[in-house]
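**Q** Before anything else, here's the structure in question.
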Amino acid sequence: MGSLTMDLQQQILLAVEKNGVVISNEFARNSKEAHQKIVGAIKSLESLGSVVNVKQSAHKTWECTDEGASIVTSGSHEARLFNSLPPEGCSVADIKAHFPNSNFALGAAMKNKWLIKEGEKIVPAMPSIEDQVQMHLQTISSGAADNVPDKDKADYKKRKLIKEVDMTVFEVTRGSEFCTSVVKQEAELTKEMIESCQWKNMTFKPFNFKAKGRIELRSGHLHPLMQLRSEFRQIFLEMGFTEMPTNNFIESAFWNFDALFQPQQHPARDAHDTFYVSEPARTISVPEDYLQKVKKTHSTGGYGSIGYQYDWSRDEAHKNLLRTHTTAVSARMLYRVAQEGFQPVKFFSIDRVFRNETLDATHLAEFHQIEGVVADYNLSIKNLMGVIKGFFEKIGITKLRFKPTYNPYTEPSMEIFSYHEGLKKWVEVGNSGMFRPEMLRPMGIPENVTVAAWGLSLERPTMIMYGINNIRELVGPRVKMELILDNPVCTIDKFKSWDQPSISEAPTVESLTKRQELILDRLSALQAKVANIAAKMGVKLEDSVTPVTTHITGGPEPGIVHDVVIYADPRRPPYSLRALANALSSKYSICLRVHCHSTVKEVSEKLQQFWGVWHGVERSQSNVCLTLVWRQNGDSPTALMPTLSVSPLSASQIFGEHNVGRYLTRLLEVSSNSSSLYECLSNSLLITQIDDLLDRCHSKLTLGNNKERANFIQELSTRLGKEQYLAGSNLTLADFIVLSNLLQLRLLESAPLSVQKWSKECLAHHLFKNFI
């Protein structure tokens, strides 16, 4: 394959030397090679430096379809039917039964008068025929479609025998270092070349030392569980809680069960519910005096309780296990607080726990538990419910239900349920209750102190927040990496809606719009009341309200402010707005503003100062107010386009930088003494040409692929110097929009010299003077 490419390169160089120029499609046809192979050889020659100059252009050509290709080799259907008929002919029924495509072939042959009907048979009308369809398709297949009449090509296209395709044709001419011998260029300078000095005798491809690295480097991402864990931790700290140490995954059964007044025969302590540790199997030590008090409470009772009336086992209490809940940590902390002299405290912890669970859509054997404990004098169940509701409201969950339940160590006890929109059912998210005296008093907690506690998993709220139906899609081998890479840093909504204060949700554009509409309605009603009172009192009110229009129908009038809001993605700054704002400022008083939407994490100082050193006048003194809002809607080409609203609350929007420019240009066109950005309003041909270029720029540059963008730049290069609406004496909208797109896509550096010269002329124009 390499030698074949080298031979083609040599042939192309010899052809250039002989003829001065090589056209890729003509060379492919003459050499009977595939055009793509010729293109590959030309690309290889182009990479050698200045050996050849290559210019590409887009051409439309014709090629045969699969059916057309079969006709090239076997003949048309009507010709095959004619050649297959015996001299005495055949009946129509026999033709339809044995000949493929018989209906079309018979009709075409009869139309060409190759066949005639004699009685019940179809017989040949002439001894031989000339298959013009086959000859035409053979001509098209050879690349000489221009030799076939357009009428016939239209007919063959209708019959789906040929199709029109776009072809990129390359024109090869001599370069400044032209030669007919191909020398392989090395692409990499290796250590061995340097040590052996071989590099001195080698030819290298040019190194681009100005090439930029990847702007966005792939780095680590927080897992949604860790994102939510961090947010929960911050909420607890904001509520005045202190974090408990949770560094010991292995606990003794004493702290995990016995200290919580959970009987030793409880089913949760069975091996099918708890993971016991085989090595070390027993704990090292437990506070002896506390152990004796716990033993007594379990065996005979105390503090108003008769206990469980069984023989308590020290061996059972000393077993080691993987902790089944972080309440064991809470027990340790409350015991320490009691020993150090009780003071009201608020503790929390978020860490892993382990249970021998059967895996399903909402259960794991290893999961995270969130624990909250409040110890104070004379707390009640109402305090507990209030703290829980306050906590869940901060994480955006307001659909809560409390269900009475039984826990060995809390009384009263409540299960906490939240509605899962994905599963369409109520899901248990936690458990809560007031710790029993049998648990607190052996620790040394005073009798008038009560402790409210609750625990919930981290996984289930995460499922609710992220709309995940199966917990195994959140952790484990089935987790999708896109979940980690694409999800926002946090999905917790801490803001209540304006129209439904009882439901927590982020302040969306819709909710803010409703809020503003409500405010405006109330202001209108208040204004009407004031006007009515003033009329009764015989007082004439001065109109001090500055009206705001919702759409531009002409030039701004004194006292009228035209509000225009433009949303743009900071990754594609609409640079054309700068020049348009400068052009508007020469005719009207203009106010310029920049804001940043919450969807944008960070905006550079350069974009914050998008309007440059000149910011216009105050809004109260302006006729036109342009507000630029940096916002991100996604990564698709259409999401990156700027949009324009003629008021913050307008439902209708204008999409695309080319359409935004057209809209703003209308303000200049209504001024009689302004030179339109459409060059000359009386010249409808120029207006049509500018509009056509704007639409091609939008489809090829803004929304196109790399190939389409390259073709457009080549087209632009050929137009420069020929079209008066590109960098003429007055810049036009075409200059603004095309230049802005080239700057956004960073295509100027690799553009032809004519395009780079044109861009410098545009940037040197006075319309850009305040933005340098």
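Every chain in the structure tokens has a letter given in the order shown (A, B, ...), and although residue numbers restart at 1 in each chain, ligands are simply numbered from 1 in the order shown.
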Extract, using only C-alpha atoms, all DNA, RNA and protein residues at most 12 Å from Leu137 in chain A, discarding same-chain residues fewer than 3 positions from it, and format them as an NGL selection string.
**A** :A and (62-76 or 131-134 or 140-149 or 152-153 or 155-157 or 160-163)
**Q** Find the residues near range 293-307 of chain A: any atom within 7 Å, counting only C-alpha atoms, skip ones fewer than 2 places away on the same chain, and give them as a list of chain:residue names.
**A**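 Answer for this query is A:Ala259, A:Phe261, A:Asp289, A:Tyr290, A:Leu291, A:Gln309, A:Tyr310, A:Asp311, A:Trp312, A:Pro437, A:Glu438, A:Pro442.
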**Q** Output as a compact mmCIF listing (two decimals) with N, CA and C atoms, in the first residue's frame all residues of range 621-751 of chain A that backbone DSSP marks as alpha helix (DSSP H).
**A**
# COMPACT_ATOMS: atom_id res chain seq x y z
N GLU A 657 -26.67 34.19 15.54
CA GLU A 657 -26.01 35.49 15.53
C GLU A 657 -26.35 36.26 14.27
N HIS A 658 -26.53 35.57 13.12
CA HIS A 658 -26.86 36.28 11.89
C HIS A 658 -28.22 36.95 11.98
N ASN A 659 -29.20 36.28 12.64
CA ASN A 659 -30.52 36.88 12.80
C ASN A 659 -30.53 37.99 13.86
N VAL A 660 -29.72 37.81 14.91
CA VAL A 660 -29.59 38.88 15.91
C VAL A 660 -29.03 40.13 15.26
N GLY A 661 -28.00 39.95 14.41
CA GLY A 661 -27.43 41.10 13.70
C GLY A 661 -28.43 41.77 12.78
N ARG A 662 -29.23 40.96 12.06
CA ARG A 662 -30.26 41.54 11.19
C ARG A 662 -31.25 42.37 11.99
N TYR A 663 -31.62 41.84 13.16
CA TYR A 663 -32.62 42.53 13.97
C TYR A 663 -32.10 43.88 14.45
N LEU A 664 -30.88 43.90 14.96
CA LEU A 664 -30.32 45.16 15.46
C LEU A 664 -30.05 46.14 14.32
N THR A 665 -29.77 45.63 13.12
CA THR A 665 -29.51 46.49 11.98
C THR A 665 -30.74 47.32 11.61
N ARG A 666 -31.92 46.83 11.93
CA ARG A 666 -33.16 47.56 11.61
C ARG A 666 -33.17 48.93 12.27
N LEU A 667 -32.57 49.05 13.44
CA LEU A 667 -32.54 50.34 14.12
C LEU A 667 -31.75 51.37 13.32
N LEU A 668 -30.69 50.90 12.62
CA LEU A 668 -29.90 51.83 11.82
C LEU A 668 -30.60 52.16 10.51
N GLU A 669 -31.34 51.21 9.97
CA GLU A 669 -31.97 51.42 8.67
C GLU A 669 -33.05 52.49 8.71
N SER A 684 -31.26 46.22 -4.25
CA SER A 684 -31.84 44.98 -3.73
C SER A 684 -30.95 43.78 -4.02
N LEU A 685 -30.15 43.84 -5.09
CA LEU A 685 -29.27 42.72 -5.42
C LEU A 685 -28.21 42.54 -4.34
N LEU A 686 -27.61 43.66 -3.88
CA LEU A 686 -26.62 43.57 -2.82
C LEU A 686 -27.23 43.02 -1.54
N ILE A 687 -28.43 43.48 -1.20
CA ILE A 687 -29.10 43.00 0.01
C ILE A 687 -29.30 41.49 -0.08
N THR A 688 -29.73 41.02 -1.24
CA THR A 688 -29.94 39.57 -1.43
C THR A 688 -28.62 38.81 -1.28
N GLN A 689 -27.55 39.36 -1.84
CA GLN A 689 -26.25 38.69 -1.76
C GLN A 689 -25.74 38.63 -0.32
N ILE A 690 -25.91 39.73 0.44
CA ILE A 690 -25.50 39.73 1.84
C ILE A 690 -26.30 38.71 2.64
N ASP A 691 -27.61 38.69 2.41
CA ASP A 691 -28.46 37.72 3.13
C ASP A 691 -28.06 36.29 2.80
N ASP A 692 -27.74 36.05 1.54
CA ASP A 692 -27.32 34.70 1.15
C ASP A 692 -26.03 34.31 1.86
N LEU A 693 -25.07 35.25 1.94
CA LEU A 693 -23.80 34.96 2.61
C LEU A 693 -24.01 34.73 4.10
N LEU A 694 -24.91 35.51 4.73
CA LEU A 694 -25.20 35.32 6.16
C LEU A 694 -25.78 33.94 6.42
N ASP A 695 -26.70 33.52 5.56
CA ASP A 695 -27.30 32.19 5.75
C ASP A 695 -26.28 31.09 5.53
N ARG A 696 -25.40 31.26 4.53
CA ARG A 696 -24.36 30.25 4.29
C ARG A 696 -23.37 30.22 5.44
N ASN A 706 -16.26 20.13 9.92
CA ASN A 706 -14.95 20.67 9.55
C ASN A 706 -14.80 20.84 8.04
N LYS A 707 -15.33 19.89 7.30
CA LYS A 707 -15.22 19.97 5.85
C LYS A 707 -16.01 21.15 5.30
N GLU A 708 -17.22 21.32 5.80
CA GLU A 708 -18.06 22.44 5.34
C GLU A 708 -17.44 23.78 5.73
N ARG A 709 -16.83 23.85 6.91
CA ARG A 709 -16.18 25.09 7.32
C ARG A 709 -14.99 25.41 6.41
N ALA A 710 -14.20 24.41 6.08
CA ALA A 710 -13.05 24.62 5.20
C ALA A 710 -13.51 25.10 3.82
N ASN A 711 -14.59 24.51 3.30
CA ASN A 711 -15.11 24.92 2.00
C ASN A 711 -15.61 26.36 2.04
N PHE A 712 -16.25 26.73 3.14
CA PHE A 712 -16.77 28.10 3.25
C PHE A 712 -15.61 29.11 3.27
N ILE A 713 -14.54 28.77 4.01
CA ILE A 713 -13.40 29.69 4.09
C ILE A 713 -12.76 29.85 2.71
N GLN A 714 -12.67 28.78 1.95
CA GLN A 714 -12.14 28.88 0.59
C GLN A 714 -13.05 29.74 -0.28
N GLU A 715 -14.35 29.56 -0.11
CA GLU A 715 -15.31 30.39 -0.85
C GLU A 715 -15.16 31.86 -0.47
N LEU A 716 -14.99 32.12 0.83
CA LEU A 716 -14.80 33.49 1.29
C LEU A 716 -13.54 34.08 0.68
N SER A 717 -12.48 33.29 0.60
CA SER A 717 -11.22 33.77 0.03
C SER A 717 -11.39 34.19 -1.42
N THR A 718 -12.17 33.44 -2.18
CA THR A 718 -12.38 33.78 -3.59
C THR A 718 -13.27 35.01 -3.75
N ARG A 719 -14.15 35.27 -2.78
CA ARG A 719 -15.04 36.43 -2.88
C ARG A 719 -14.34 37.73 -2.51
N LEU A 733 -22.93 44.12 7.50
CA LEU A 733 -23.29 43.06 8.46
C LEU A 733 -22.58 41.75 8.11
N ALA A 734 -22.32 41.53 6.83
CA ALA A 734 -21.61 40.32 6.42
C ALA A 734 -20.20 40.29 7.03
N ASP A 735 -19.50 41.44 7.04
CA ASP A 735 -18.17 41.48 7.66
C ASP A 735 -18.25 41.13 9.13
N PHE A 736 -19.23 41.71 9.85
CA PHE A 736 -19.35 41.50 11.29
C PHE A 736 -19.58 40.02 11.62
N ILE A 737 -20.57 39.43 10.97
CA ILE A 737 -21.00 38.07 11.34
C ILE A 737 -19.93 37.05 10.96
N VAL A 738 -19.39 37.14 9.75
CA VAL A 738 -18.39 36.16 9.31
C VAL A 738 -17.13 36.26 10.17
N LEU A 739 -16.67 37.49 10.44
CA LEU A 739 -15.49 37.67 11.27
C LEU A 739 -15.72 37.13 12.68
N SER A 740 -16.90 37.37 13.24
CA SER A 740 -17.21 36.89 14.58
C SER A 740 -17.15 35.38 14.65
N ASN A 741 -17.70 34.70 13.64
CA ASN A 741 -17.68 33.23 13.64
C ASN A 741 -16.27 32.69 13.51
N LEU A 742 -15.44 33.33 12.68
CA LEU A 742 -14.06 32.87 12.54
C LEU A 742 -13.28 33.05 13.83
N LEU A 743 -13.56 34.15 14.56
CA LEU A 743 -12.89 34.37 15.84
C LEU A 743 -13.35 33.34 16.87
N GLN A 744 -14.67 33.06 16.90
CA GLN A 744 -15.20 32.09 17.87
C GLN A 744 -14.58 30.71 17.67
**Q** Pick out the closest residue to His223 in chain A from this set: A:Thr643, A:Cys596, A:Leu703, A:Glu459. Count only C-alpha atoms.
**A**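 Smallest distance to His223 in chain A is found for A:Glu459.
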**Q** Extract, using only C-alpha atoms, all DNA, RNA and protein residues at most 6 Å from range 416-431 of chain A, discarding same-chain residues fewer than 4 positions from it, and format them as an MDAnalysis selection string.
**A** chainID A and resid 399:402 454:456 464 467
**Q** Which one of A:Ala268, A:Tyr335, A:Gln262, A:Arg323 sits closest to Thr410 in chain A if you count only C-alpha atoms?
**A**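 Closest to Thr410 in chain A of all the choices is A:Gln262.
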**Q** Fewer than 6 positions away in the same chain doesn't count, so skip those; otherwise give me all residues within 9 Å of range 763-768 of chain A, counting only C-alpha atoms, as a PyMOL selection string.
**A** chain A and resi 578-583+730-731
**Q** Go ahead and save the picked residues with N, CA and C atoms, as a PDB file, in the first residue's frame.
**A**
ATOM      1  N   ARG A 578     -20.249  43.843  19.451  1.00  0.00           N
ATOM      2  CA  ARG A 578     -19.424  44.998  19.798  1.00  0.00           C
ATOM      3  C   ARG A 578     -19.512  46.067  18.719  1.00  0.00           C
ATOM      4  N   ALA A 579     -19.282  45.655  17.461  1.00  0.00           N
ATOM      5  CA  ALA A 579     -19.327  46.617  16.371  1.00  0.00           C
ATOM      6  C   ALA A 579     -20.730  47.157  16.169  1.00  0.00           C
ATOM      7  N   LEU A 580     -21.748  46.303  16.328  1.00  0.00           N
ATOM      8  CA  LEU A 580     -23.132  46.759  16.179  1.00  0.00           C
ATOM      9  C   LEU A 580     -23.472  47.789  17.245  1.00  0.00           C
ATOM     10  N   ALA A 581     -23.004  47.558  18.485  1.00  0.00           N
ATOM     11  CA  ALA A 581     -23.254  48.523  19.552  1.00  0.00           C
ATOM     12  C   ALA A 581     -22.587  49.856  19.244  1.00  0.00           C
ATOM     13  N   ASN A 582     -21.394  49.807  18.682  1.00  0.00           N
ATOM     14  CA  ASN A 582     -20.688  51.033  18.324  1.00  0.00           C
ATOM     15  C   ASN A 582     -21.424  51.775  17.220  1.00  0.00           C
ATOM     16  N   ALA A 583     -21.946  51.017  16.235  1.00  0.00           N
ATOM     17  CA  ALA A 583     -22.703  51.651  15.157  1.00  0.00           C
ATOM     18  C   ALA A 583     -23.976  52.288  15.698  1.00  0.00           C
ATOM     19  N   ASN A 730     -17.284  50.920   3.622  1.00  0.00           N
ATOM     20  CA  ASN A 730     -18.098  50.800   4.827  1.00  0.00           C
ATOM     21  C   ASN A 730     -18.283  49.319   5.153  1.00  0.00           C
ATOM     22  N   LEU A 731     -18.048  48.964   6.411  1.00  0.00           N
ATOM     23  CA  LEU A 731     -18.269  47.571   6.798  1.00  0.00           C
ATOM     24  C   LEU A 731     -19.753  47.254   6.735  1.00  0.00           C
TER      25      LEU A 731
END
**Q** Nearest to Leu322 in chain A: which of A:Lys184, A:Lys43, A:Lys60, A:Arg269 is it, counting only C-alpha atoms?
**A** A:Arg269
**Q** Pick out the closest residue to Thr190 in chain A from this set: A:Thr246, A:Met202, A:Asn19, A:Pro124. Count only C-alpha atoms.
**A**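 Smallest distance to Thr190 in chain A is found for A:Met202.
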**Q** Between A:Ala317, A:Arg436, A:Gly634, A:Ile250, which one has atoms that come closest to Pro263 in chain A, using only C-alpha atoms?
**A**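 Result for the nearest residue to Pro263 in chain A: A:Ala317.
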**Q** Could you please determine the separation between CA of Val629 in chain A and CA of Asp569 in chain A in Å, to one decimal place?
**A**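 If I compute the distance from CA of Val629 in chain A to CA of Asp569 in chain A, I get 8.5 Å.
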**Q** Would you mind telling me which residue in A:Glu393, A:Asp94, A:Glu88, A:Glu46 lies nearest to Glu118 in chain A when using only C-alpha atoms?
**A** A:Glu88
**Q** What does the distance between CA of Ser457 in chain A and CA of Phe392 in chain A come to in Å, to one decimal place?
**A** 12.7 Å
**Q** Pick out the residues sitting within 8 Å of Leu81 in chain A, and hand them over as a CSV table (one decimal) with N, CA, C and O atoms, in the first residue's frame; count only C-alpha atoms, and ignore anything fewer than 6 positions along from it in its own chain.
**A**
chain,number,residue,atom,x,y,z
A,99,PHE,N,-39.7,-12.2,-17.0
A,99,PHE,CA,-38.7,-11.1,-17.1
A,99,PHE,C,-38.8,-10.1,-16.0
A,99,PHE,O,-39.9,-9.6,-15.7
A,102,SER,N,-40.6,-6.2,-15.7
A,102,SER,CA,-41.3,-6.3,-17.0
A,102,SER,C,-42.2,-5.2,-17.3
A,102,SER,O,-42.2,-4.7,-18.5
A,105,ALA,N,-39.9,-2.2,-18.4
A,105,ALA,CA,-39.1,-2.6,-19.6
A,105,ALA,C,-40.0,-2.6,-20.8
A,105,ALA,O,-39.7,-2.1,-21.9
A,106,LEU,N,-41.2,-3.2,-20.7
A,106,LEU,CA,-42.2,-3.3,-21.8
A,106,LEU,C,-42.7,-2.0,-22.2
A,106,LEU,O,-42.7,-1.7,-23.4
A,109,ALA,N,-39.8,-0.1,-24.0
A,109,ALA,CA,-39.5,-0.6,-25.3
A,109,ALA,C,-40.6,-0.3,-26.3
A,109,ALA,O,-40.3,0.0,-27.5
**Q** Please, what distance in Å, to one decimal, runs between CA of Ala453 in chain A and CA of Lys319 in chain A?
**A** 25.6 Å
**Q** Please identify all polymer residues within 12 Å of Lys32 in chain A, counting only C-alpha atoms, omitting same-chain residues fewer than 4 positions from it, and present them as a PyMOL selection string.
**A** chain A and resi 8+24-28+36-38+141-143
**Q** Save out the residues we just selected, N, CA, C and O atoms, as a compact mmCIF listing (two decimals), in the first residue's frame.
**A**
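selection.txt, written as the output of this step:
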# COMPACT_ATOMS: atom_id res chain seq x y z
N LEU A 8 1.93 6.78 -6.90
CA LEU A 8 0.96 7.81 -7.26
C LEU A 8 1.55 9.20 -7.03
O LEU A 8 1.33 10.11 -7.84
N SER A 24 -7.45 16.72 -9.52
CA SER A 24 -7.53 15.38 -8.92
C SER A 24 -8.52 14.47 -9.61
O SER A 24 -8.20 13.31 -9.91
N ASN A 25 -9.73 14.97 -9.91
CA ASN A 25 -10.74 14.07 -10.50
C ASN A 25 -10.36 13.70 -11.94
O ASN A 25 -10.59 12.56 -12.38
N GLU A 26 -9.77 14.65 -12.69
CA GLU A 26 -9.35 14.33 -14.06
C GLU A 26 -8.18 13.33 -14.05
O GLU A 26 -8.13 12.40 -14.86
N PHE A 27 -7.25 13.52 -13.12
CA PHE A 27 -6.12 12.60 -13.01
C PHE A 27 -6.59 11.20 -12.64
O PHE A 27 -6.08 10.20 -13.14
N ALA A 28 -7.59 11.12 -11.73
CA ALA A 28 -8.13 9.82 -11.34
C ALA A 28 -8.79 9.13 -12.52
O ALA A 28 -8.65 7.91 -12.70
N GLN A 36 -10.38 8.79 -4.32
CA GLN A 36 -9.94 8.90 -2.93
C GLN A 36 -8.47 8.56 -2.79
O GLN A 36 -7.76 9.14 -1.95
N LYS A 37 -7.97 7.61 -3.60
CA LYS A 37 -6.55 7.27 -3.56
C LYS A 37 -5.70 8.45 -4.05
O LYS A 37 -4.64 8.75 -3.50
N ILE A 38 -6.18 9.12 -5.09
CA ILE A 38 -5.46 10.28 -5.61
C ILE A 38 -5.43 11.39 -4.56
O ILE A 38 -4.41 12.04 -4.35
N SER A 141 -20.43 7.11 -15.72
CA SER A 141 -19.59 6.31 -14.85
C SER A 141 -18.11 6.60 -15.07
O SER A 141 -17.31 6.50 -14.13
N SER A 142 -17.75 6.98 -16.28
CA SER A 142 -16.35 7.28 -16.57
C SER A 142 -15.95 8.68 -16.12
O SER A 142 -14.78 9.05 -16.25
N GLY A 143 -16.91 9.47 -15.62
CA GLY A 143 -16.60 10.81 -15.13
C GLY A 143 -16.84 11.90 -16.13
O GLY A 143 -16.47 13.06 -15.88
